[in-house]
Amino acid sequence: DAGVIQSPRHEVTEMGQEVTLRCKPISGHDYLFWYRQTMMRGLELLIYFNNNVPIDDSGMPEDRFSAKMPNASFSTLKIQPSEPRDSAVYFCASSLARVNYGYTFGSGTRLTVV
Amino acid sequence: SQKIEQNSEALNIQEGKTATLTCNYTNYSPAYLQWYRQDPGRGPVFLLLIRENEKEKRKERLKVTFDTTLKQSLFHITASQPADSATYLCALFTGTASKLTFGTGTRLQVTL
């Protein structure tokens, strides 16, 4: 298995533009998580899905953020409109279960909003 | 408030020595705790999981302890190598929050 695949690896965009981050989880993993990492706040959970259904989106910072999982092999995180404070590394992770299993992370998308 | 504290200062040790990293937490009752390794420009990599009823877990040169009374986990790397240099993150899972919450990590530097 190629692991969790995220694209793009780097994204530079202007304030106000729409940004879409993509993730392909490991086949057979029922859980998918979106995390954001910054120097100040570390890794923060934004939202997670179970069997393609969003379960907890309490970490999504505001309505500008949305996430979808149309099928078991694909998820997107969208920011519209983007702001400079959204600059961070966004990670997607998947797991066989929510508890008692380690998470497999992708390599992340480094987002810079100028 | 809930906190997960890892030493923000880098830990520098000599090759061959045992590295010990600390994870302290307050106002959590974790069901289990995990340790991850993160290299620059990469995502975290899962290393070990230890449950609340386990005192110690080992995997090759790695050892994790979990003291729910002290609210602390220690992560040991024996016979450390320069390739062990990375940032190590602890993460707690609590039933009430139902999510995995990460500490900010400690950077380990192993020198020759």
# chains A, B, ... in the order shown; residues from 1 in each chain; ligands from 1
call {"tool": "closest_atom_pairs", "arguments": {"of": "segment 5-83 of chain A", "to": "segment 98-109 of chain A", "cutoff": "10 Å", "atoms": "only C-alpha atoms", "output": "Markdown table"}}
result
| residue | atom | partner | partner_atom | distance |
| --- | --- | --- | --- | --- |
| A:Ile5 | CA | A:Gly106 | CA | 5.6 |
| A:Gln6 | CA | A:Gly106 | CA | 5.9 |
| A:Ser7 | CA | A:Thr109 | CA | 6.5 |
| A:Pro8 | CA | A:Thr109 | CA | 5.9 |
| A:Arg9 | CA | A:Thr109 | CA | 4.5 |
| A:His10 | CA | A:Thr109 | CA | 5.4 |
| A:Glu11 | CA | A:Thr109 | CA | 7.1 |
| A:Leu21 | CA | A:Thr109 | CA | 7.3 |
| A:Arg22 | CA | A:Thr109 | CA | 8.8 |
| A:Cys23 | CA | A:Gly106 | CA | 8.1 |
| A:Lys24 | CA | A:Gly106 | CA | 8.8 |
| A:Pro25 | CA | A:Gly106 | CA | 8.3 |
| A:Ile26 | CA | A:Thr104 | CA | 8.2 |
| A:His29 | CA | A:Thr104 | CA | 9.6 |
| A:Asp30 | CA | A:Arg98 | CA | 8.6 |
| A:Tyr31 | CA | A:Arg98 | CA | 6.5 |
| A:Leu32 | CA | A:Tyr103 | CA | 9.0 |
| A:Phe33 | CA | A:Tyr103 | CA | 8.8 |
| A:Trp34 | CA | A:Phe105 | CA | 9.5 |
| A:Tyr35 | CA | A:Gly108 | CA | 9.3 |
| A:Arg36 | CA | A:Gly108 | CA | 9.1 |
| A:Gln37 | CA | A:Gly108 | CA | 9.4 |
| A:Tyr48 | CA | A:Arg98 | CA | 9.5 |
| A:Phe49 | CA | A:Arg98 | CA | 9.7 |
| A:Asn50 | CA | A:Arg98 | CA | 8.5 |
call {"tool": "write_last_selection", "arguments": {"atoms": "N, CA and C atoms", "output": "mmCIF file, in the first residue's frame"}}
result
data_model
loop_
_atom_site.group_PDB
_atom_site.id
_atom_site.type_symbol
_atom_site.label_atom_id
_atom_site.label_comp_id
_atom_site.auth_asym_id
_atom_site.auth_seq_id
_atom_site.Cartn_x
_atom_site.Cartn_y
_atom_site.Cartn_z
ATOM 1 N N ILE A 5 -2.219 9.314 0.886
ATOM 2 C CA ILE A 5 -1.698 10.204 -0.152
ATOM 3 C C ILE A 5 -2.430 11.537 -0.114
ATOM 4 N N GLN A 6 -1.651 12.601 0.010
ATOM 5 C CA GLN A 6 -2.223 13.940 0.035
ATOM 6 C C GLN A 6 -1.700 14.750 -1.147
ATOM 7 N N SER A 7 -2.555 15.628 -1.640
ATOM 8 C CA SER A 7 -2.133 16.547 -2.699
ATOM 9 C C SER A 7 -2.866 17.872 -2.539
ATOM 10 N N PRO A 8 -2.243 18.972 -2.962
ATOM 11 C CA PRO A 8 -0.846 19.060 -3.343
ATOM 12 C C PRO A 8 0.075 19.034 -2.127
ATOM 13 N N ARG A 9 1.362 18.950 -2.333
ATOM 14 C CA ARG A 9 2.308 19.000 -1.211
ATOM 15 C C ARG A 9 2.493 20.422 -0.715
ATOM 16 N N HIS A 10 2.449 21.345 -1.631
ATOM 17 C CA HIS A 10 2.575 22.755 -1.282
ATOM 18 C C HIS A 10 1.517 23.536 -2.055
ATOM 19 N N GLU A 11 0.966 24.546 -1.391
ATOM 20 C CA GLU A 11 -0.021 25.396 -2.026
ATOM 21 C C GLU A 11 0.213 26.818 -1.550
ATOM 22 N N LEU A 21 -7.830 20.904 -0.569
ATOM 23 C CA LEU A 21 -6.812 19.919 -0.245
ATOM 24 C C LEU A 21 -7.420 18.530 -0.401
ATOM 25 N N ARG A 22 -6.603 17.590 -0.873
ATOM 26 C CA ARG A 22 -7.126 16.270 -1.200
ATOM 27 C C ARG A 22 -6.414 15.172 -0.437
ATOM 28 N N CYS A 23 -7.158 14.085 -0.205
ATOM 29 C CA CYS A 23 -6.591 12.976 0.577
ATOM 30 C C CYS A 23 -7.154 11.656 0.086
ATOM 31 N N LYS A 24 -6.252 10.683 -0.062
ATOM 32 C CA LYS A 24 -6.654 9.304 -0.350
ATOM 33 C C LYS A 24 -6.195 8.455 0.824
ATOM 34 N N PRO A 25 -7.119 7.904 1.592
ATOM 35 C CA PRO A 25 -6.720 7.102 2.760
ATOM 36 C C PRO A 25 -6.263 5.710 2.353
ATOM 37 N N ILE A 26 -5.772 4.972 3.319
ATOM 38 C CA ILE A 26 -5.381 3.589 3.083
ATOM 39 C C ILE A 26 -6.643 2.747 2.885
ATOM 40 N N HIS A 29 -9.279 1.255 5.674
ATOM 41 C CA HIS A 29 -9.359 2.056 6.887
ATOM 42 C C HIS A 29 -10.720 2.755 6.926
ATOM 43 N N ASP A 30 -11.439 2.562 8.026
ATOM 44 C CA ASP A 30 -12.794 3.103 8.131
ATOM 45 C C ASP A 30 -12.841 4.533 8.644
ATOM 46 N N TYR A 31 -11.707 4.999 9.204
ATOM 47 C CA TYR A 31 -11.693 6.331 9.809
ATOM 48 C C TYR A 31 -10.715 7.234 9.065
ATOM 49 N N LEU A 32 -11.152 8.463 8.852
ATOM 50 C CA LEU A 32 -10.299 9.459 8.212
ATOM 51 C C LEU A 32 -10.341 10.732 9.042
ATOM 52 N N PHE A 33 -9.179 11.305 9.266
ATOM 53 C CA PHE A 33 -9.033 12.479 10.119
ATOM 54 C C PHE A 33 -8.313 13.586 9.350
ATOM 55 N N TRP A 34 -8.742 14.809 9.583
ATOM 56 C CA TRP A 34 -8.010 15.981 9.084
ATOM 57 C C TRP A 34 -7.459 16.743 10.287
ATOM 58 N N TYR A 35 -6.139 16.952 10.289
ATOM 59 C CA TYR A 35 -5.459 17.710 11.329
ATOM 60 C C TYR A 35 -4.770 18.922 10.694
ATOM 61 N N ARG A 36 -4.555 19.925 11.515
ATOM 62 C CA ARG A 36 -3.793 21.107 11.113
ATOM 63 C C ARG A 36 -2.640 21.272 12.106
ATOM 64 N N GLN A 37 -1.441 21.600 11.599
ATOM 65 C CA GLN A 37 -0.282 21.756 12.473
ATOM 66 C C GLN A 37 0.336 23.129 12.282
ATOM 67 N N TYR A 48 -13.379 14.452 11.696
ATOM 68 C CA TYR A 48 -13.108 13.084 11.318
ATOM 69 C C TYR A 48 -14.358 12.408 10.775
ATOM 70 N N PHE A 49 -14.129 11.415 9.927
ATOM 71 C CA PHE A 49 -15.181 10.658 9.261
ATOM 72 C C PHE A 49 -15.092 9.186 9.663
ATOM 73 N N ASN A 50 -16.255 8.552 9.720
ATOM 74 C CA ASN A 50 -16.319 7.109 9.883
ATOM 75 C C ASN A 50 -17.202 6.562 8.759
#
call {"tool": "interface_residues", "arguments": {"of": "chain B", "to": "chain A", "cutoff": "7 Å", "atoms": "only C-alpha atoms", "output": "count of residues only"}}
result
7
call {"tool": "closest_residue", "arguments": {"among": "A:Val53, A:Ala67, A:Met15, A:Ala72", "to": "Asp86 of chain A", "atoms": "only C-alpha atoms"}}
result
A:Met15
call {"tool": "closest_residue", "arguments": {"among": "A:Lys78, A:Ser66, A:Val12, A:Asn52", "to": "Thr112 of chain A", "atoms": "only C-alpha atoms"}}
result
A:Val12
call {"tool": "atom_distance", "arguments": {"atom1": "atom CA of Asp67 of chain B", "atom2": "atom CA of Lys55 of chain B"}}
result
6.6 Å
call {"tool": "closest_residue", "arguments": {"among": "B:Val64, B:Ile13, B:Leu48, B:Leu100", "to": "Gln34 of chain B", "atoms": "only C-alpha atoms"}}
result
B:Leu48
call {"tool": "residues_around", "arguments": {"residues": "Gln72 of chain B", "least_positions_apart": "4", "cutoff": "9 Å", "atoms": "only C-alpha atoms", "output": "ChimeraX atom specification"}}
result
/B:22-25,65-68
call {"tool": "select_by_dssp", "arguments": {"residues": "chain B", "states": "strand (DSSP E or B)", "output": "ChimeraX atom specification"}}
result
/B:3-6,11-14,19-26,32-38,45-51,56-59,62-67,72-77,86-94,99-102,106-111
call {"tool": "closest_residue", "arguments": {"among": "A:Gly28, A:Pro54, A:Ala97, A:Glu62", "to": "Gly3 of chain A", "atoms": "only C-alpha atoms"}}
result
A:Gly28
